[in-house]
Every structure is written in structure tokens, then in C-alpha cells.
$ cat work_31.txt   # compact mmCIF, C-alpha atoms (C1' of nucleotides)
# COMPACT_ATOMS: atom_id res chain seq x y z
CA MET A 1 -26.84 -36.60 40.88
CA ALA A 2 -30.27 -35.78 42.20
CA ALA A 3 -33.43 -36.40 40.23
CA MET A 4 -34.20 -33.89 37.54
CA LEU A 5 -37.58 -32.69 36.43
CA ASP A 6 -38.16 -33.66 32.80
CA ARG A 7 -40.97 -34.04 30.33
CA PRO A 8 -43.27 -36.44 32.27
CA PHE A 9 -43.30 -34.04 35.21
CA PHE A 10 -44.46 -31.19 32.99
CA ASP A 11 -46.89 -33.30 30.94
CA ARG A 12 -49.58 -32.93 33.60
CA PRO A 13 -52.33 -30.40 34.38
CA VAL A 14 -50.77 -26.98 34.81
CA LEU A 15 -52.21 -26.48 38.31
CA ASP A 16 -50.58 -29.69 39.53
CA VAL A 17 -47.24 -28.70 38.02
CA SER A 18 -47.51 -25.21 39.50
CA ARG A 19 -48.10 -26.55 42.99
CA ASP A 20 -45.25 -29.06 42.70
CA LEU A 21 -42.81 -26.39 41.51
CA ILE A 22 -43.02 -24.45 44.76
CA GLY A 23 -39.85 -25.33 46.64
CA ALA A 24 -38.17 -26.81 43.55
CA PHE A 25 -34.70 -25.68 42.54
CA LEU A 26 -34.11 -23.80 39.29
CA ALA A 27 -30.76 -22.82 37.89
CA PHE A 28 -29.71 -21.38 34.54
CA ASP A 29 -26.02 -21.71 33.75
CA GLY A 30 -25.28 -22.25 37.43
CA VAL A 31 -27.26 -19.25 38.66
CA GLY A 32 -30.53 -19.77 40.49
CA GLY A 33 -32.32 -20.83 43.64
CA ARG A 34 -35.51 -22.12 45.15
CA ILE A 35 -38.79 -21.35 43.38
CA VAL A 36 -41.08 -19.49 45.79
CA GLU A 37 -43.72 -18.00 43.48
CA VAL A 38 -45.40 -19.09 40.22
CA GLU A 39 -48.59 -18.48 38.27
CA ALA A 40 -50.55 -20.86 36.04
CA TYR A 41 -51.94 -19.98 32.62
CA ASP A 42 -53.92 -22.20 30.28
CA GLU A 43 -55.74 -22.04 26.99
CA GLY A 44 -59.19 -21.43 28.45
CA ASP A 45 -57.88 -18.45 30.39
CA PRO A 46 -58.44 -14.94 28.99
CA ALA A 47 -55.23 -13.75 30.69
CA SER A 48 -53.12 -16.35 28.88
CA HIS A 49 -51.09 -15.74 25.75
CA SER A 50 -52.52 -19.01 24.45
CA PHE A 51 -56.16 -17.92 24.85
CA ARG A 52 -56.63 -17.03 21.17
CA GLY A 53 -54.76 -20.02 19.84
CA PRO A 54 -51.27 -20.45 18.43
CA THR A 55 -49.36 -17.43 17.07
CA PRO A 56 -45.68 -17.04 16.18
CA ARG A 57 -44.89 -15.70 19.62
CA ASN A 58 -46.65 -18.33 21.70
CA ALA A 59 -45.85 -21.33 19.47
CA VAL A 60 -43.69 -22.90 22.16
CA MET A 61 -46.71 -23.07 24.48
CA PHE A 62 -48.30 -25.49 22.02
CA GLY A 63 -45.17 -27.57 21.60
CA PRO A 64 -43.87 -30.42 23.77
CA PRO A 65 -44.04 -30.07 27.57
CA GLY A 66 -40.89 -29.38 29.55
CA HIS A 67 -39.58 -26.50 27.48
CA ALA A 68 -38.98 -22.83 28.26
CA TYR A 69 -41.35 -20.19 26.89
CA VAL A 70 -39.67 -16.79 27.11
CA TYR A 71 -41.27 -13.55 25.96
CA LYS A 72 -40.54 -9.85 26.19
CA ILE A 73 -42.95 -7.66 28.09
CA TYR A 74 -43.41 -3.88 27.96
CA GLY A 75 -40.51 -3.68 25.55
CA ILE A 76 -38.03 -4.05 28.38
CA HIS A 77 -38.31 -7.16 30.51
CA PHE A 78 -38.31 -10.90 29.88
CA CYS A 79 -40.53 -13.50 31.52
CA LEU A 80 -39.72 -17.20 31.91
CA ASN A 81 -42.42 -19.87 31.68
CA PHE A 82 -42.35 -23.67 31.83
CA VAL A 83 -44.54 -25.28 29.17
CA CYS A 84 -46.90 -27.97 30.45
CA GLN A 85 -49.69 -29.63 28.47
CA PRO A 86 -50.47 -27.95 25.14
CA GLY A 87 -51.54 -24.33 25.55
CA SER A 88 -50.61 -24.18 29.23
CA ALA A 89 -47.55 -22.89 31.06
CA VAL A 90 -46.27 -21.84 34.47
CA LEU A 91 -44.85 -18.33 34.85
CA ILE A 92 -41.86 -18.37 37.21
CA ARG A 93 -42.27 -15.19 39.28
CA ALA A 94 -39.78 -15.34 42.14
CA LEU A 95 -36.78 -17.25 43.46
CA GLU A 96 -34.98 -17.45 46.75
CA PRO A 97 -31.40 -16.90 45.53
CA GLN A 98 -29.07 -19.78 46.36
CA GLU A 99 -26.41 -20.17 43.68
CA GLY A 100 -24.40 -17.71 41.62
CA LEU A 101 -25.13 -14.75 43.89
CA PRO A 102 -22.19 -12.68 42.60
CA ARG A 103 -23.44 -12.91 39.02
CA MET A 104 -26.96 -12.03 40.12
CA HIS A 105 -25.71 -8.93 41.88
CA GLU A 106 -23.68 -7.92 38.82
CA ARG A 107 -26.70 -8.18 36.56
CA ARG A 108 -29.17 -6.58 38.96
CA GLY A 109 -27.00 -3.67 40.02
CA GLY A 110 -26.81 -3.14 43.73
CA VAL A 111 -30.21 -4.19 44.96
CA GLY A 112 -30.68 -6.14 48.17
CA GLU A 113 -30.72 -9.92 48.15
CA LYS A 114 -34.46 -10.06 48.66
CA GLN A 115 -34.95 -8.06 45.47
CA LEU A 116 -32.62 -10.05 43.24
CA CYS A 117 -35.34 -12.36 41.91
CA SER A 118 -38.56 -10.99 43.44
CA GLY A 119 -40.52 -10.67 40.20
CA PRO A 120 -40.59 -12.28 36.75
CA GLY A 121 -38.59 -9.55 35.04
CA LYS A 122 -36.03 -9.34 37.84
CA LEU A 123 -35.63 -13.10 37.89
CA ALA A 124 -34.97 -13.27 34.16
CA GLN A 125 -32.44 -10.46 34.46
CA ALA A 126 -30.66 -12.07 37.43
CA LEU A 127 -30.40 -15.41 35.60
CA GLY A 128 -29.42 -13.88 32.27
CA ILE A 129 -32.50 -15.20 30.44
CA ASN A 130 -33.53 -13.64 27.13
CA LEU A 131 -35.30 -14.49 23.89
CA ASP A 132 -32.38 -16.63 22.74
CA HIS A 133 -33.49 -19.17 25.32
CA ASN A 134 -37.09 -19.44 24.13
CA GLY A 135 -37.88 -23.08 23.36
CA LEU A 136 -34.94 -24.65 25.19
CA ALA A 137 -35.52 -27.97 26.97
CA LEU A 138 -35.65 -27.75 30.75
CA ASP A 139 -34.02 -31.13 31.42
CA ARG A 140 -30.60 -30.29 30.12
CA PRO A 141 -28.05 -27.49 30.37
CA PRO A 142 -28.03 -24.59 30.63
CA PHE A 143 -31.27 -25.32 32.51
CA LEU A 144 -31.40 -27.38 35.66
CA VAL A 145 -34.66 -28.04 37.49
CA ARG A 146 -34.72 -30.30 40.54
CA PRO A 147 -37.79 -31.28 42.58
CA ALA A 148 -38.43 -29.98 46.07
CA ASP A 149 -36.71 -32.24 48.59
CA ASP A 150 -39.43 -31.89 51.19
CA SER A 151 -42.95 -30.53 51.41
CA HIS A 152 -43.57 -26.82 51.76
CA PRO A 153 -46.50 -24.77 53.04
CA ILE A 154 -48.20 -23.50 49.88
CA ALA A 155 -50.69 -20.68 49.64
CA THR A 156 -52.68 -19.47 46.63
CA GLY A 157 -54.25 -16.20 45.58
CA PRO A 158 -55.12 -13.96 42.63
CA ARG A 159 -52.52 -13.43 39.93
CA ILE A 160 -50.56 -10.20 39.63
CA GLY A 161 -50.51 -7.56 36.93
CA ILE A 162 -53.14 -8.99 34.60
CA THR A 163 -56.18 -7.18 33.24
CA LYS A 164 -58.35 -10.23 32.57
CA GLY A 165 -59.11 -13.32 34.62
CA MET A 166 -58.26 -11.47 37.81
CA GLU A 167 -60.55 -13.56 39.99
CA THR A 168 -58.83 -16.84 39.15
CA PRO A 169 -56.61 -17.74 42.13
CA TRP A 170 -53.81 -19.34 40.16
CA ARG A 171 -50.89 -17.72 41.94
CA PHE A 172 -48.95 -20.20 44.07
CA VAL A 173 -46.43 -19.09 46.68
CA LEU A 174 -44.26 -20.56 49.39
CA ALA A 175 -46.20 -19.34 52.41
CA GLY A 176 -44.36 -16.69 54.38
CA SER A 177 -41.34 -16.45 52.09
CA PRO A 178 -39.58 -13.06 52.23
CA PHE A 179 -38.57 -13.41 48.56
CA LEU A 180 -42.00 -12.97 46.93
CA SER A 181 -42.72 -10.26 44.37
CA LYS A 182 -45.57 -9.11 46.62
CA PRO A 183 -47.06 -10.44 49.81
CA LEU A 184 -50.02 -12.69 49.26
CA SER A 185 -53.21 -10.92 50.19
CA PRO A 186 -55.57 -12.13 51.21
CA GLU A 187 -53.91 -15.34 52.28
CA ARG A 188 -55.80 -18.34 50.94
CA LYS A 189 -55.99 -21.92 52.01
CA ALA A 190 -52.91 -24.06 51.57
CA LEU A 191 -53.09 -27.04 49.23
C1' DG B 1 -51.08 -0.30 7.17
C1' DA B 2 -52.22 1.57 11.72
C1' DA B 3 -53.10 1.42 16.51
C1' DA B 4 -53.55 -0.40 20.89
C1' DG B 5 -51.91 -2.50 24.81
C1' DG B 6 -49.21 -5.64 27.69
C1' DA B 7 -48.20 -12.06 32.80
C1' DT B 8 -43.06 -5.24 34.61
C1' DC B 9 -39.83 -2.40 37.02
C1' DC B 10 -38.08 1.81 38.82
C1' DG B 11 -37.90 6.46 40.26
C1' DC B 12 -40.18 10.36 41.83
C1' DT B 13 -43.93 12.62 44.56
C1' DG C 1 -49.21 5.88 44.76
C1' DC C 2 -48.42 7.19 39.88
C1' DG C 3 -46.46 7.47 35.48
C1' DG C 4 -42.72 6.72 32.10
C1' DA C 5 -39.73 3.63 29.60
C1' DT C 6 -39.76 1.02 25.20
C1' DC C 7 -40.88 -2.53 21.62
C1' DC C 8 -43.12 -5.67 19.28
C1' DT C 9 -47.10 -8.76 18.85
C1' DT C 10 -51.70 -8.93 17.75
C1' DT C 11 -55.79 -7.15 16.02
C1' DC C 12 -58.69 -4.62 13.10
C1' DA C 13 -59.88 -1.86 8.97

$ encode --input "work_31.txt" --output "C-alpha cells"
Amino acid sequence: MAAMLDRPFFDRPVLDVSRDLIGAFLAFDGVGGRIVEVEAYDEGDPASHSFRGPTPRNAVMFGPPGHAYVYKIYGIHFCLNFVCQPGSAVLIRALEPQEGLPRMHERRGGVGEKQLCSGPGKLAQALGINLDHNGLALDRPPFLVRPADDSHPIATGPRIGITKGMETPWRFVLAGSPFLSKPLSPERKAL
DNA sequence: GAAAGGATCCGCT
DNA sequence: GCGGATCCTTTCA
């Protein structure tokens, strides 16, 4: 079986992990695809849940690397993060669907393939992720995370939907992917 | 104890 | 392009 991303991979600076996750494969209970969009958050970042220190909700962000931090947003949607070094995490924002397409379509209700996982809330819905999965380890089932098998053109830009820290270009995308939550604009230098 | 506001999505205009 | 849905965490008095 192919290499799996485990704790040492995530126990690194969050920007390095974010970059290396573009093109990686994520599945939850056999449903998933290629990661094409992520955002980095860390403790010194006013947009991050960890900015004001540990709370009951964000406790997982201060726990061991390589675990899932899941939270509910706007009372409706769930967002999936990968915990890196203490107080930092990567928000998984979009996937290129590859496995378990029928179940994704069931959960997402008749949207086109490009919209199955083109946003953090959509992705969590398509994969069936909810608060029950907060704190689960990423290196064993139902999670499966495999590294990218080749290099990918990566672009960066400002993060989406935040009200603080807007100038920090910590959004990472697979350049030119049609599965992003939004096109990257303006396009920034690749890494 | 109260109030504000959020790392979103969808439908309507 | 704009606003509503919907809830619960965090903050402040």
C-alpha cells in the first residue's frame, strides 16, 4: 500500500504542510479525492480560532499533530482542518472528486461534479464529516491521506471569507484547477 | 446572563 | 450581488 501521511508529516510549519497537501489524496470512509485548495491558520493569526489561546472548541488545535479539527460554522456547515504544530492547522477547502462519487452525489443533492467539494462546507457534506469526527487521527481509518505522487503547479493568494488577516496570502491552490471554491485572483507566484 | 458574530452555502433579484 | 438560514462559542458586563 502506498505511503500514508502521518504525524511527522504534520509536525512541521503549517505553511510547509499546506503547500505539500496540494495534490495529496484525502478520503474519508472511502469517499474523497485530490486536494486542490487549502488555507493555513496559526496562533499568531487574528483570523485563526487559536489566536486567543485554547478553548473547549479549539482544544484539538493544541493537541498532537496529524489529527482532524472539525467545527461547525454559521450553525449549518462543518469545516475540516488538519492539525499541524500546536495552535496551527490547515483548512481543507476543496477536492477534485475521485472516489465514492455516488455517495457524494447522494449527500450533495444533484449538483454538478465540479460543485461536489468546491468549498469547505460542501466538502464536509460530501464526505459525511461532522462533529463526531473532531479529534480523529488522520493516519488510520476512516481517514486516509496519501502524499501527492508528483509535483503540481501551486499558486497562493488571500484567504476567503475571513474578516481579519485578509492581507495574509495563506491560501494555496492547485493552479488552474476547475474544482476550486473560487478562482484565485489575483494569481500569485507559484512556490 | 446577554449579545454578537462567524474559516459558508444557496436562492432570489 | 445580497441576504437569510441557524446555532453555538466566545466575550463582556

$ atom_distance --input "work_31.txt" --atom1 "CA of Ser177 in chain A" --atom2 "CA of Thr156 in chain A"
12.9 Å

$ closest_atom_pairs --input "work_31.txt" --of "chain A" --to "chain C" --cutoff "8 Å" --atoms "all atoms listed in the file" --output "CSV"
residue,atom,partner,partner_atom,distance
A:Arg57,CA,C:DT9,C1',7.3
A:Tyr74,CA,C:DT6,C1',6.7
A:Gly75,CA,C:DC7,C1',4.1
A:Ile76,CA,C:DT6,C1',6.2

$ interface_residues --input "work_31.txt" --of "chain B" --to "chain A" --cutoff "12 Å" --atoms "all atoms listed in the file" --output "JSON, numbers by chain"
{"B": [5, 6, 7, 8, 9, 10]}

$ write_last_selection --input "work_31.txt" --atoms "C-alpha atoms (C1' of nucleotides)" --output "mmCIF file, keeping the file's coordinate frame"
data_model
loop_
_atom_site.group_PDB
_atom_site.id
_atom_site.type_symbol
_atom_site.label_atom_id
_atom_site.label_comp_id
_atom_site.auth_asym_id
_atom_site.auth_seq_id
_atom_site.Cartn_x
_atom_site.Cartn_y
_atom_site.Cartn_z
ATOM 1 C "C1'" DG B 5 -51.910 -2.500 24.810
ATOM 2 C "C1'" DG B 6 -49.210 -5.640 27.690
ATOM 3 C "C1'" DA B 7 -48.200 -12.060 32.800
ATOM 4 C "C1'" DT B 8 -43.060 -5.240 34.610
ATOM 5 C "C1'" DC B 9 -39.830 -2.400 37.020
ATOM 6 C "C1'" DC B 10 -38.080 1.810 38.820
#

$ atom_distance --input "work_31.txt" --atom1 "CA of Ser88 in chain A" --atom2 "CA of Pro153 in chain A"
24.2 Å

$ closest_residue --input "work_31.txt" --among "A:Pro97, A:Ala24, A:His67, A:Ala126" --to "Gly110 in chain A" --atoms "only C-alpha atoms"
A:Ala126

$ atom_distance --input "work_31.txt" --atom1 "CA of Arg52 in chain A" --atom2 "CA of Gln85 in chain A"
16.1 Å

$ residues_around --input "work_31.txt" --residues "range 25-34 of chain A" --least-positions-apart "5" --cutoff "8 Å" --atoms "only C-alpha atoms (C1' of nucleotides)" --output "number ranges by chain"
A: 95-101, 103-104, 127-129, 141-148
